[in-house]
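Encoded as structure tokens, the structure appears first; notes follow it.
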Amino acid sequence: IHWPGVQGLPSSNPDNKRIRQQAWKVLTKLRKEGFLKSAGVSNYLVRHLAELVDDPNFETPAVNQVEWHPRHHNSTLLDYCRAKGIFLQAYSSLGTSGSTSLREDSQVREIAQKLGKSPAQILLRWAFQQNIGILPKASSRAHIVENIDLDFVIPDEEMKTLNNLKVTQKFSWDPSVVA
């Protein structure tokens with residue numbers, strides 16, 4: 001399920017929860033019948049996940065795909081997913097194709113230069129090093145090859161810097177407004 005809200009309904013409409021649960025019930029049924037190997041969600045916050053996890057009639061999602069990068073990460077969500085056995089998968093790890101601000105962040109660039117890597121590799125390795133799945137977009141074969149070359153370690157001090165960037169920036173939708 002890509003989004004905790006329902007297209008055509010206002011984000012604050014309480015029917016979002018009912019329809020979200022109905023959709024999950026169908027996915028769970030299809031998985032039990034062997035049509036799906038696993039089922040997951042995207043853009044779910046802890047409160048959206050808890051509706052499913054805390055209900056004994058529902059299976060726990062296998063994955064929750066969320067925007068995750070050094071300028072936007074939610075440790076509470078990560079801790080919850082880990083405690084419940086939900087794999088956290090990142091999107092927008094490099095920011096967005098419409099903005100290079102994350103890849104051009106002075107601290108990201110400084111760490112990249114220090115380690116002899118590109119800013120994109122630093123951003124991807126940052127998530128990977130936290131055991132978070134990554135789904136980088138790439139516009140060329142060279143970028144695909146670069147994005148795969150993550151066989152290095154970001155030292156603890158640099159990880160701490162990336163975890164505490166002063167700039168907060170969200171590139172995609174905000175699920176916090178969905179009832």
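For the structure tokens, the naming scheme is as follows: chains receive sequential letters (A, B, ...) according to their order of presentation, residues are indexed from 1 within each chain, and ligands are indexed from 1 in presentation order.
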
So which residues of stretch 49-123 of chain A fall under alpha helix (DSSP H) by DSSP, listed as a PyMOL selection string? chain A and resi 49-53+75-84+106-115+119-123

Enumerate the residues of stretch 32-142 of chain A with a DSSP assignment of strand (DSSP E or B), computed from the backbone, and present them as a PyMOL selection string. chain A and resi 41-42+63-67+69+72+87-91+96+99+133-134

Selection near stretch 30-46 of chain A, 7 Å with only C-alpha atoms, sequence-local residues under 6 positions removed, as number ranges by chain: A: 1-4, 61-66, 77, 80, 175

Close residues, A:Lys17 itself excluded, 8 Å, only C-alpha atoms, min 4 positions apart in chain, as an MDAnalysis selection string: chainID A and resid 4:5 21 179

Would you save the residues from that selection as a JSON list (two decimals), in the first residue's frame, using N, CA, C and O atoms?
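Contents of the output file out03.json:
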[["chain", "number", "residue", "atom", "x", "y", "z"],
["A", 4, "PRO", "N", -0.89, 5.97, 3.29],
["A", 4, "PRO", "CA", -1.89, 5.67, 4.31],
["A", 4, "PRO", "C", -3.23, 6.39, 4.09],
["A", 4, "PRO", "O", -4.21, 6.06, 4.77],
["A", 5, "GLY", "N", -3.28, 7.31, 3.16],
["A", 5, "GLY", "CA", -4.52, 8.02, 2.86],
["A", 5, "GLY", "C", -5.21, 7.46, 1.63],
["A", 5, "GLY", "O", -4.65, 6.62, 0.92],
["A", 21, "GLN", "N", -7.38, -0.19, 6.48],
["A", 21, "GLN", "CA", -7.46, -1.52, 7.09],
["A", 21, "GLN", "C", -8.11, -2.52, 6.14],
["A", 21, "GLN", "O", -7.69, -3.68, 6.07],
["A", 179, "ALA", "N", -5.11, 11.03, 8.66],
["A", 179, "ALA", "CA", -5.79, 10.49, 9.85],
["A", 179, "ALA", "C", -5.62, 8.99, 9.91],
["A", 179, "ALA", "O", -5.51, 8.30, 8.92]]

Nearby residues (only C-alpha atoms) at most 12 Å from A:Leu102, same-chain spacing under 3 positions excluded, as a PyMOL selection string: chain A and resi 68-72+92-99+105-109+119-120+122-124+162+165-171

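Rounded to one decimal, atom CA of A:Lys84 and atom CA of A:Arg125 lie 24.0 Å from each other.
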
Excluding A:Lys117 and its own-chain neighbours fewer than 6 positions away, which residues fall within 10 Å of it when counting only C-alpha atoms? Please give them as a short mmCIF file (atom, residue, chain, number, x, y, z; two decimals) with all heavy atoms, in the first residue's frame.
data_model
loop_
_atom_site.label_atom_id
_atom_site.label_comp_id
_atom_site.auth_asym_id
_atom_site.auth_seq_id
_atom_site.Cartn_x
_atom_site.Cartn_y
_atom_site.Cartn_z
N ARG A 109 29.43 16.77 1.36
CA ARG A 109 30.53 16.91 0.41
C ARG A 109 31.90 16.79 1.11
O ARG A 109 32.82 16.19 0.58
CB ARG A 109 30.42 18.22 -0.36
CG ARG A 109 29.20 18.24 -1.30
CD ARG A 109 29.13 19.49 -2.15
NE ARG A 109 30.11 19.50 -3.22
CZ ARG A 109 30.04 18.76 -4.33
NH1 ARG A 109 29.04 17.94 -4.50
NH2 ARG A 109 30.96 18.87 -5.26
N ILE A 111 32.59 15.07 3.86
CA ILE A 111 32.80 13.66 4.19
C ILE A 111 33.15 12.87 2.93
O ILE A 111 34.04 12.02 2.95
CB ILE A 111 31.56 13.08 4.91
CG1 ILE A 111 31.42 13.73 6.30
CG2 ILE A 111 31.65 11.56 5.03
CD1 ILE A 111 30.09 13.47 6.98
N GLU A 146 28.19 3.57 -9.84
CA GLU A 146 28.65 4.30 -8.66
C GLU A 146 27.78 3.98 -7.44
O GLU A 146 28.29 3.76 -6.34
CB GLU A 146 28.60 5.81 -8.94
CG GLU A 146 29.01 6.68 -7.78
CD GLU A 146 28.90 8.15 -8.12
OE1 GLU A 146 29.73 8.64 -8.89
OE2 GLU A 146 27.96 8.80 -7.61
N ASP A 149 28.70 0.73 -5.76
CA ASP A 149 30.04 0.68 -5.16
C ASP A 149 30.02 1.28 -3.75
O ASP A 149 30.45 2.40 -3.51
CB ASP A 149 31.04 1.43 -6.05
CG ASP A 149 32.46 1.34 -5.53
OD1 ASP A 149 32.74 0.46 -4.69
OD2 ASP A 149 33.28 2.18 -5.96
N LEU A 150 29.51 0.49 -2.81
CA LEU A 150 29.38 0.95 -1.43
C LEU A 150 30.22 0.12 -0.47
O LEU A 150 29.91 0.02 0.72
CB LEU A 150 27.90 0.91 -1.01
CG LEU A 150 26.94 1.76 -1.84
CD1 LEU A 150 25.51 1.59 -1.33
CD2 LEU A 150 27.35 3.22 -1.85
N PHE A 152 32.65 0.32 1.51
CA PHE A 152 33.49 1.12 2.40
C PHE A 152 32.67 1.37 3.66
O PHE A 152 31.49 1.04 3.71
CB PHE A 152 33.92 2.44 1.73
CG PHE A 152 32.79 3.40 1.43
CD1 PHE A 152 32.50 4.44 2.31
CD2 PHE A 152 32.02 3.26 0.29
CE1 PHE A 152 31.45 5.32 2.04
CE2 PHE A 152 30.98 4.15 0.01
CZ PHE A 152 30.70 5.17 0.89
#

Grab the atom CA of A:Lys114 to atom CA of A:Gln130 distance for me, in Å with one decimal place. 20.3 Å

Looking at A:Ser176, A:Leu49, A:Asp15, A:Leu88, which one is nearest to A:Ser75, with distances taken over only C-alpha atoms? A:Leu88

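Note that atom CA of A:Lys137 and atom CA of A:Thr28 are 29.2 Å apart.
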
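Remark: for A:Leu78, the closest of the candidate residues A:Asn131, A:Ser101, A:Ser118, A:Thr60 is A:Asn131 (distances computed over only C-alpha atoms).
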